[in-house]
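Heads up, the thing below is written out as structure tokens.
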Amino acid sequence: MEIVLRKKPKNPIIIEGFPGLGLIATISTEFLIKHLNAKSIGYMWSKDLMPIAAVHDSKIIQPLEIFYAEKENIVIVHALSDVRGLEWEISQSLVKLYEMLKAKEIITIEGILSKSETDNIYFYTNNASKKKKLESISLFPLKEGIIMGVTAGLLLKDKRIGMVGIFAETHTSLPDSKSAARIVEVLDNYLGLKIDVKPLLDAAAQFEQKLKAVLEQSKKAKEFKKGKGIDYLG
Amino acid sequence: MEIVLRKKPKNPIIIEGFPGLGLIATISTEFLIKHLNAKSIGYMWSKDLMPIAAVHDSKIIQPLEIFYAEKENIVIVHALSDVRGLEWEISQSLVKLYEMLKAKEIITIEGILSKSETDNIYFYTNNASKKKKLESISLFPLKEGIIMGVTAGLLLKDKRIGMVGIFAETHTSLPDSKSAARIVEVLDNYLGLKIDVKPLLDAAAQFEQKLKAVLEQSKKAKEFKKGKGIDYLG
Amino acid sequence: MEIVLRKKPKNPIIIEGFPGLGLIATISTEFLIKHLNAKSIGYMWSKDLMPIAAVHDSKIIQPLEIFYAEKENIVIVHALSDVRGLEWEISQSLVKLYEMLKAKEIITIEGILSKSETDNIYFYTNNASKKKKLESISLFPLKEGIIMGVTAGLLLKDKRIGMVGIFAETHTSLPDSKSAARIVEVLDNYLGLKIDVKPLLDAAAQFEQKLKAVLEQSKKAKEFKKGKGIDYLG
Amino acid sequence: MEIVLRKKPKNPIIIEGFPGLGLIATISTEFLIKHLNAKSIGYMWSKDLMPIAAVHDSKIIQPLEIFYAEKENIVIVHALSDVRGLEWEISQSLVKLYEMLKAKEIITIEGILSKSETDNIYFYTNNASKKKKLESISLFPLKEGIIMGVTAGLLLKDKRIGMVGIFAETHTSLPDSKSAARIVEVLDNYLGLKIDVKPLLDAAAQFEQKLKAVLEQSKKAKEFKKGKGIDYLG
Amino acid sequence: MEIVLRKKPKNPIIIEGFPGLGLIATISTEFLIKHLNAKSIGYMWSKDLMPIAAVHDSKIIQPLEIFYAEKENIVIVHALSDVRGLEWEISQSLVKLYEMLKAKEIITIEGILSKSETDNIYFYTNNASKKKKLESISLFPLKEGIIMGVTAGLLLKDKRIGMVGIFAETHTSLPDSKSAARIVEVLDNYLGLKIDVKPLLDAAAQFEQKLKAVLEQSKKAKEFKKGKGIDYLG
């Protein structure tokens with residue numbers, strides 16, 4: 001997998017969130033990019049990624065774009081679409097990125113299936129002092145659970161990197177921006193980001209509605225692409 | 001991917017349109033080929049393309065044919081069928097073609113999902129003077145959106161090439177020749193082609209009907225091919 | 001793709017027909033093999049062909065068998081089953097066969113989707129004198145259409161070979177032996193084969209019925225093979 | 001494909017039957033193994049075979065096991081499960097086995113779709129004296145038919161090997177042990193095996209019932225495996 | 001397949017159980033790991049494994065983790081999820097592990113389809129003294145049956161290793177923790193583990209309920225992942 005960086009921050013914190021349960025990681029990372037006013041500094045590429053680009057704020061976004069919030073010295077890795085089949089490869093590239101930038105830690109965000117009706121946020125870390133800090137902001141250590149995807153790939157390599165996993169319980173299969181907003185709140189506390197989270201929580205309902213509309217249209221587009229396949233020259 | 005050129009225009013504009021949303025790009029490029037009386041000058045080939053040929057005006061058309069309108073010095077790349085799985089490869093070949101011909105710019109056409117009821121045409125470009133020109137013909141700059149396919153592949157390489165993307169909003173999953181006709185109108189303005197667009201807009205309804213009939217028969221043909229698979233020797 | 005020939009006719013005409021629309025090409029080539037009393041002279045083989053053999057007149061027929069009508073100096077390539085995924089490879093092997101035997105021409109047969117209610121037979125050729133001849137027997141030149149499969153592969157290589165395409169309009173997704181019989185009539189005229197075509201046209205209805213019965217049983221066989229997969233040792 | 005033999009019979013007859021129509025070949029070969037008290041002498045292996053083992057009479061059976069009836073000097077190749085995708089490879093290995101053991105002949109068994117209500121057994125052979133012998137035991141020569149699978153692979157290589165094909169007509173998609181029993185009867189006649197076939201014919205109905213029960217449970221097992229995929233650690 | 005061991009026990013017994021029928025093997029091995037207080041000593045890895053991690057007791061568990069119960073000198077290989085397509089590879093790695101550690105024996109656990117209403121536990125072994133021991137604890141030798149998966153791979157290599165297969169009959173496609181508990185009971189007898197099995201049998205009903213809840217949620221998660229695939233940047 002190709003890593004292209006136009007800028008190489010020194011010792012940043014890396015936050016990554018890939019499309020997973022409740023799209024929680026994707027929504028959180030997007031909130032952060034927006035509210036920290038993070039700028040693109042590069043991307044990761046593989047021919048096995050879906051050929052998809054986003055236009056955001058008139059700029060072209062790569063399928064796997066790397067953003068940087070300079071003031072906070074935070075690198076955010078953001079994915080536009082599902083990366084099924086590439087999870088091991090991507091987690092290896094994230095470790096490589098971590099080593100290239102001599103990152104302080106890598107924070108991985110994922111939704112987790114709730115076995116009950118609770119709405120807790122859990123953490124996992126392989127570092128004792130980080131553990132203290134996370135407990136002090138009222139997070140529960142994750143004792144039992146199943147994690148899938150890129151986050152699983154990272155957790156399984158945690159000997160080599162300083163890692164923190166933040167997991168929000170979700171009960172729904174639809175995009176869960178409430179849980180995502182709560183993750184942003186947690187990161188705000190953990191990293192002292194000074195984000196005004198109130199607008200996030202208020203915007204949650206509005207945002208989910210927009211999402212559902214887009215997902216519905218995407219679905220229509222995919223159905224159309226499936227049916228078509230021949231030209232109408234005539 | 002093989003590129004075969006029997007003629008090498010100098011510094012042309014390249015217009016490409018692949019089967020995508022609303023078949024808008026395919027319909028637009030076909031109108032242009034017809035009305036600019038463009039001639040075949042070559043093709044691109046890969047064994048992973050669908051084995052499909054068109055006969056048009058008694059001539060055989062390649063799955064990925066390259067046409068040339070000499071008077072206007074415009075190269076048009078036209079695809080007969082879906083190129084799913086080959087999008088990165090094709091966008092790389094288009095950049096190679098751009099470099100081979102030292103093209104002035106490459107115009108990529110695609111449909112875009114509309115989040116509202118509007119019917120706007122948007123543009124994207126990485127060149128300031130082109131931006132001015134496009135705004136002057138009443139196009140909106142694309143600020144937010146998702147693009148898929150070959151066009152996405154090109155947008156993601158836009159550092160290397162002078163690129164203009166023209167995007168028509170579509171709401172339908174059926175072929176949208178009205179939007180295609182409007183794209184042709186835009187190109188006519190942008191490139192000073194002097195195409196009489198009135199027939200295009202009048203023909204739109206007629207054309208869509210023909211398309212629907214062909215798509216229906218193609219579907220029947222595919223269903224038949226699926227069911228069959230054994231000989232009836234006897 | 002392996003080509004095995006036990007006999008190498010000099011300058012023959014090659015006729016090929018692969019399972020396609022309406023099974024027209026397959027039915028035509030079989031009629032010809034039968035009525036010209038053509039004998040097997042070899043075959044083409046690839047491990048990607050379906051493992052299928054036919055027994056016909058007590059002889060084993062290869063999935064892709066090459067027949068030869070000595071008196072008429074006609075080579076007929078005949079396929080037992082669908083060759084999806086191998087179309088480019090097969091068309092390249094047919095060109096190789098053409099060059100090996102220094103053939104006079106290669107005639108490719110295919111069904112074509114009709115956009116209207118007509119039942120015409122069309123031709124395509126890259127040779128002016130053949131064009132004259134085909135028009136003289138009341139065939140229409142194909143101006144517009146979509147061709148798929150091995151025939152498409154051949155049409156797209158027509159610079160290297162003397163080619164004639166014969167296309168029968170079909171409206172049905174079921175085997176269309178009436179159209180196949182009419183193709184045989186056309187070939188009879190074009191090549192002066194002196195086949196008594198009356199029995200063909202009379203037998204058409206009878207033949208289609210037999211085909212439908214076989215196709216139905218084949219379908220049952222495939223369904224069974226799908227469900228099975230374990231042994232019953234006990 | 002690996003061939004492992006612990007014993008190398010001299011000039012045996014090889015009988016092979018793979019899961020095909022009506023499971024006729026599999027059932028026949030199993031009857032033979034049981035009634036000739038054949039012992040395992042080796043196996044064929046490829047990593048593309050399904051990972052499946054049978055326990056029979058407390059012994060482990062390979063997915064593709066080779067048995068030997070010493071008194072009759074008959075080698076029997078037996079498959080536990082479907083070998084789709086490996087048919088050409090297996091038929092090549094069978095020819096290799098034939099050559100390794102300098103076999104007298106290879107007998108291939110398969111079900112064949114009946115176009116009528118008959119229940120005939122047909123033969124195919126490339127050897128004139130065997131032809132006489134098979135006709136003398138009231139078998140019909142196969143003149144017309146479609147054969148699929150490993151048997152097709154062998155029939156298509158019949159120049160290199162002395163081959164006899166035995167085909168039983170079947171009308172059903174369920175396991176057809178009546179037809180299998182009749183094949184065993186034929187082999188008993190053809191090879192002078194002196195098997196008491198009466199118990200086979202009586203046991204037919206009983207056996208089919210057992211088979212149906214096993215196939216039903218296998219289906220349930222496969223459905224379960226499909227649905228599962230995650231652990232329940234907790 | 002990579003084998004990583006942080007500790008190399010001498011001459012252990014290896015117990016392995018992969019997700020199969022009734023999830024019996026997985027449930028049994030988990031009970032053992034829990035009640036023998038086994039610790040992780042390594043893992044096996046291949047990029048073709050599903051990217052999945054478990055968190056258990058606050059520790060990260062690999063998709064294919066190797067545990068060790070020091071007091072009993074038992075190595076337990078445990079899989080988190082389905083390993084379809086990797087069965088041959090994994091069974092070869094287990095043989096390699098066996099040889100690396102000079103294991104005394106490898107015990108493989110699997111569910112087996114019951115042809116009747118019985119609930120027996122069967123064994124298979126290639127070692128006469130082990131056979132005696134297993135019969136003495138009231139197990140039936142497996143005479144007839146079909147085994148699939150990693151266990152099949154091991155059984156087919158049983159010449160190289162000292163092997164014991166323990167098979168529990170199951171009738172259900174749902175997780176069968178009652179049968180799993182009985183397997184643990186058998187292992188307890190066979191290996192003199194002194195596990196208090198009463199809690200296991202009491203907990204069976206409770207455990208199955210929890211499992212069904214988790215499986216249901218996993219299913220929901222997979223459905224959601226399937227539907228999603230596009231970002232909602234906006």
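Chain identifiers are assigned as A, B, and so on, following the order in which chains appear in the structure tokens; residues are numbered from 1 within each chain, and ligands are numbered from 1 in order of appearance.
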Excluding range 15-22 of chain B and residues on its chain fewer than 5 positions from it, collect all residues at most 6 Å away from it, counting only C-alpha atoms, and give them as a ChimeraX atom specification.
-> /B:76-77,79,82,106-109,111,173-176
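Near chain E, counting only C-alpha atoms at 8 Å, the chain B residues are Glu144, Gly145 and Ile146 of chain B.
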Create the file for the chosen residues now, containing N, CA and C atoms and written as an mmCIF file, in the first residue's frame.
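Output below, filename again_19.cif:
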data_model
loop_
_atom_site.group_PDB
_atom_site.id
_atom_site.type_symbol
_atom_site.label_atom_id
_atom_site.label_comp_id
_atom_site.auth_asym_id
_atom_site.auth_seq_id
_atom_site.Cartn_x
_atom_site.Cartn_y
_atom_site.Cartn_z
ATOM 1 N N GLU B 144 -19.546 19.973 -2.755
ATOM 2 C CA GLU B 144 -19.748 18.746 -1.983
ATOM 3 C C GLU B 144 -20.332 17.682 -2.910
ATOM 4 N N GLY B 145 -19.805 16.483 -2.793
ATOM 5 C CA GLY B 145 -20.385 15.401 -3.589
ATOM 6 C C GLY B 145 -19.530 14.152 -3.561
ATOM 7 N N ILE B 146 -20.097 13.071 -4.030
ATOM 8 C CA ILE B 146 -19.373 11.791 -4.117
ATOM 9 C C ILE B 146 -19.312 11.408 -5.590
#
Would you kindly return, as JSON, numbers by chain, each protein, DNA or RNA residue with an atom no farther than 8 Å from any atom of range 63-75 of chain E, considering only C-alpha atoms and excluding same-chain residues fewer than 2 positions away?
-> {"E": [9, 11, 12, 13, 14, 15, 33, 36, 37, 38, 39, 40, 41, 42, 43, 44, 45, 49, 50, 51, 52, 53, 54, 61, 77, 78, 79, 80, 81, 193]}
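For range 39-111 of chain D, backbone-based DSSP labels the following residues as alpha helix (DSSP H): Glu87, Trp88, Glu89, Ile90, Ser91, Gln92, Ser93, Leu94, Val95, Lys96, Leu97, Tyr98, Glu99 and Met100 of chain D.
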Those same residues, written as a PDB file, in the first residue's frame with C-alpha atoms?
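Saved file selection-v1.pdb follows:
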ATOM      1  CA  GLU D  87     -12.436 -32.305 -13.345  1.00  0.00           C
ATOM      2  CA  TRP D  88      -9.718 -31.804 -15.996  1.00  0.00           C
ATOM      3  CA  GLU D  89      -6.955 -32.160 -13.387  1.00  0.00           C
ATOM      4  CA  ILE D  90      -8.462 -35.373 -11.995  1.00  0.00           C
ATOM      5  CA  SER D  91      -8.992 -36.945 -15.413  1.00  0.00           C
ATOM      6  CA  GLN D  92      -5.327 -36.201 -16.172  1.00  0.00           C
ATOM      7  CA  SER D  93      -4.298 -37.864 -12.907  1.00  0.00           C
ATOM      8  CA  LEU D  94      -6.419 -40.898 -13.759  1.00  0.00           C
ATOM      9  CA  VAL D  95      -4.603 -41.209 -17.104  1.00  0.00           C
ATOM     10  CA  LYS D  96      -1.320 -40.929 -15.186  1.00  0.00           C
ATOM     11  CA  LEU D  97      -2.486 -43.663 -12.774  1.00  0.00           C
ATOM     12  CA  TYR D  98      -3.478 -45.801 -15.797  1.00  0.00           C
ATOM     13  CA  GLU D  99       0.029 -45.431 -17.214  1.00  0.00           C
ATOM     14  CA  MET D 100       1.766 -45.974 -13.846  1.00  0.00           C
TER      15      MET D 100
END
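Relative to CA of Leu200 in chain A, CA of Lys59 in chain A is found at 23.5 Å.
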At a cut-off of 12 Å, using only C-alpha atoms, what residues contact Glu135 in chain C? Leave out same-chain residues fewer than 4 positions from it and give the result as a PDB file with N, CA and C atoms, in the first residue's frame.
ATOM      1  N   ILE C 121     -31.958 -10.724 -42.147  1.00  0.00           N
ATOM      2  CA  ILE C 121     -30.615 -11.261 -41.965  1.00  0.00           C
ATOM      3  C   ILE C 121     -29.660 -10.158 -42.443  1.00  0.00           C
ATOM      4  N   TYR C 122     -28.686  -9.835 -41.627  1.00  0.00           N
ATOM      5  CA  TYR C 122     -27.742  -8.773 -41.951  1.00  0.00           C
ATOM      6  C   TYR C 122     -26.361  -9.371 -42.172  1.00  0.00           C
ATOM      7  N   PHE C 123     -25.528  -8.598 -42.876  1.00  0.00           N
ATOM      8  CA  PHE C 123     -24.145  -9.034 -43.017  1.00  0.00           C
ATOM      9  C   PHE C 123     -23.217  -7.900 -42.643  1.00  0.00           C
ATOM     10  N   TYR C 124     -22.006  -8.281 -42.298  1.00  0.00           N
ATOM     11  CA  TYR C 124     -20.933  -7.314 -42.147  1.00  0.00           C
ATOM     12  C   TYR C 124     -19.719  -7.899 -42.835  1.00  0.00           C
ATOM     13  N   THR C 125     -18.985  -7.110 -43.606  1.00  0.00           N
ATOM     14  CA  THR C 125     -17.737  -7.606 -44.154  1.00  0.00           C
ATOM     15  C   THR C 125     -16.757  -6.462 -44.366  1.00  0.00           C
ATOM     16  N   ALA C 128     -14.692  -5.623 -50.106  1.00  0.00           N
ATOM     17  CA  ALA C 128     -15.633  -5.040 -51.073  1.00  0.00           C
ATOM     18  C   ALA C 128     -16.310  -6.054 -51.989  1.00  0.00           C
ATOM     19  N   SER C 129     -15.537  -7.038 -52.489  1.00  0.00           N
ATOM     20  CA  SER C 129     -16.168  -7.993 -53.417  1.00  0.00           C
ATOM     21  C   SER C 129     -17.140  -8.922 -52.684  1.00  0.00           C
ATOM     22  N   LYS C 130     -16.790  -9.291 -51.452  1.00  0.00           N
ATOM     23  CA  LYS C 130     -17.734 -10.114 -50.689  1.00  0.00           C
ATOM     24  C   LYS C 130     -19.012  -9.311 -50.441  1.00  0.00           C
ATOM     25  N   LYS C 131     -18.844  -8.021 -50.230  1.00  0.00           N
ATOM     26  CA  LYS C 131     -19.990  -7.148 -49.966  1.00  0.00           C
ATOM     27  C   LYS C 131     -20.975  -7.234 -51.142  1.00  0.00           C
ATOM     28  N   LEU C 139     -29.212  -9.734 -48.726  1.00  0.00           N
ATOM     29  CA  LEU C 139     -28.949  -9.467 -47.313  1.00  0.00           C
ATOM     30  C   LEU C 139     -28.758  -7.965 -47.125  1.00  0.00           C
ATOM     31  N   PHE C 140     -29.118  -7.490 -45.936  1.00  0.00           N
ATOM     32  CA  PHE C 140     -28.946  -6.091 -45.608  1.00  0.00           C
ATOM     33  C   PHE C 140     -27.601  -5.878 -44.915  1.00  0.00           C
ATOM     34  N   PRO C 141     -26.872  -4.841 -45.279  1.00  0.00           N
ATOM     35  CA  PRO C 141     -25.645  -4.564 -44.533  1.00  0.00           C
ATOM     36  C   PRO C 141     -26.015  -4.104 -43.119  1.00  0.00           C
ATOM     37  N   LEU C 142     -25.279  -4.585 -42.115  1.00  0.00           N
ATOM     38  CA  LEU C 142     -25.580  -4.190 -40.741  1.00  0.00           C
ATOM     39  C   LEU C 142     -24.994  -2.812 -40.497  1.00  0.00           C
ATOM     40  N   ILE C 166     -22.572 -12.912 -40.375  1.00  0.00           N
ATOM     41  CA  ILE C 166     -23.975 -13.083 -40.764  1.00  0.00           C
ATOM     42  C   ILE C 166     -24.805 -13.028 -39.484  1.00  0.00           C
ATOM     43  N   VAL C 186     -29.062 -18.871 -46.227  1.00  0.00           N
ATOM     44  CA  VAL C 186     -28.172 -17.802 -46.699  1.00  0.00           C
ATOM     45  C   VAL C 186     -26.798 -18.366 -47.049  1.00  0.00           C
ATOM     46  N   ASN C 189     -26.840 -20.200 -50.260  1.00  0.00           N
ATOM     47  CA  ASN C 189     -26.766 -19.287 -51.395  1.00  0.00           C
ATOM     48  C   ASN C 189     -25.358 -18.736 -51.580  1.00  0.00           C
ATOM     49  N   TYR C 190     -24.810 -18.238 -50.468  1.00  0.00           N
ATOM     50  CA  TYR C 190     -23.529 -17.527 -50.513  1.00  0.00           C
ATOM     51  C   TYR C 190     -22.395 -18.442 -50.962  1.00  0.00           C
TER      52      TYR C 190
END
Please give the complete set of residues from range 57-206 of chain C that DSSP, run on the backbone, assigns to strand (DSSP E or B), formatted as a PyMOL selection string.
-> chain C and resi 59-61+64-69+74-79+105-113+121-125+140-141+144-148+163-170
Export, as a short mmCIF file (atom, residue, chain, number, x, y, z; two decimals), in the first residue's frame, the selected residues with C-alpha atoms.
data_model
loop_
_atom_site.label_atom_id
_atom_site.label_comp_id
_atom_site.auth_asym_id
_atom_site.auth_seq_id
_atom_site.Cartn_x
_atom_site.Cartn_y
_atom_site.Cartn_z
CA LYS C 59 -18.22 -40.57 -31.59
CA ILE C 60 -16.85 -38.37 -28.80
CA ILE C 61 -17.06 -34.65 -29.52
CA LEU C 64 -14.58 -27.08 -29.01
CA GLU C 65 -14.40 -29.41 -31.98
CA ILE C 66 -13.10 -28.57 -35.48
CA PHE C 67 -14.96 -30.25 -38.37
CA TYR C 68 -14.17 -30.38 -42.08
CA ALA C 69 -16.44 -30.75 -45.10
CA ILE C 74 -15.19 -25.76 -45.41
CA VAL C 75 -13.86 -25.92 -41.83
CA ILE C 76 -16.55 -25.62 -39.14
CA VAL C 77 -15.68 -24.74 -35.53
CA HIS C 78 -18.36 -25.92 -33.16
CA ALA C 79 -18.82 -25.36 -29.41
CA GLU C 105 -12.37 -16.13 -45.21
CA ILE C 106 -13.92 -16.67 -41.81
CA ILE C 107 -17.68 -16.53 -41.53
CA THR C 108 -19.01 -15.75 -38.07
CA ILE C 109 -22.65 -16.30 -37.20
CA GLU C 110 -24.59 -14.61 -34.40
CA GLY C 111 -28.12 -13.66 -33.40
CA ILE C 112 -28.84 -9.98 -33.02
CA LEU C 113 -31.49 -8.24 -30.95
CA ILE C 121 -30.61 -11.26 -41.96
CA TYR C 122 -27.74 -8.77 -41.95
CA PHE C 123 -24.15 -9.03 -43.02
CA TYR C 124 -20.93 -7.31 -42.15
CA THR C 125 -17.74 -7.61 -44.15
CA PHE C 140 -28.95 -6.09 -45.61
CA PRO C 141 -25.64 -4.56 -44.53
CA GLU C 144 -26.25 -0.40 -36.33
CA GLY C 145 -26.14 -3.04 -33.64
CA ILE C 146 -24.44 -4.53 -30.61
CA ILE C 147 -22.60 -7.82 -30.88
CA MET C 148 -21.28 -9.80 -27.92
CA MET C 163 -14.24 -11.73 -42.43
CA VAL C 164 -17.93 -12.03 -43.06
CA GLY C 165 -20.46 -11.74 -40.26
CA ILE C 166 -23.97 -13.08 -40.76
CA PHE C 167 -26.53 -11.86 -38.23
CA ALA C 168 -30.11 -13.01 -37.85
CA GLU C 169 -32.60 -10.90 -35.99
CA THR C 170 -34.22 -12.67 -33.10
#
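Note that the spacing between CA of Asp48 in chain B and CA of Gly153 in chain C amounts to 12.4 Å.
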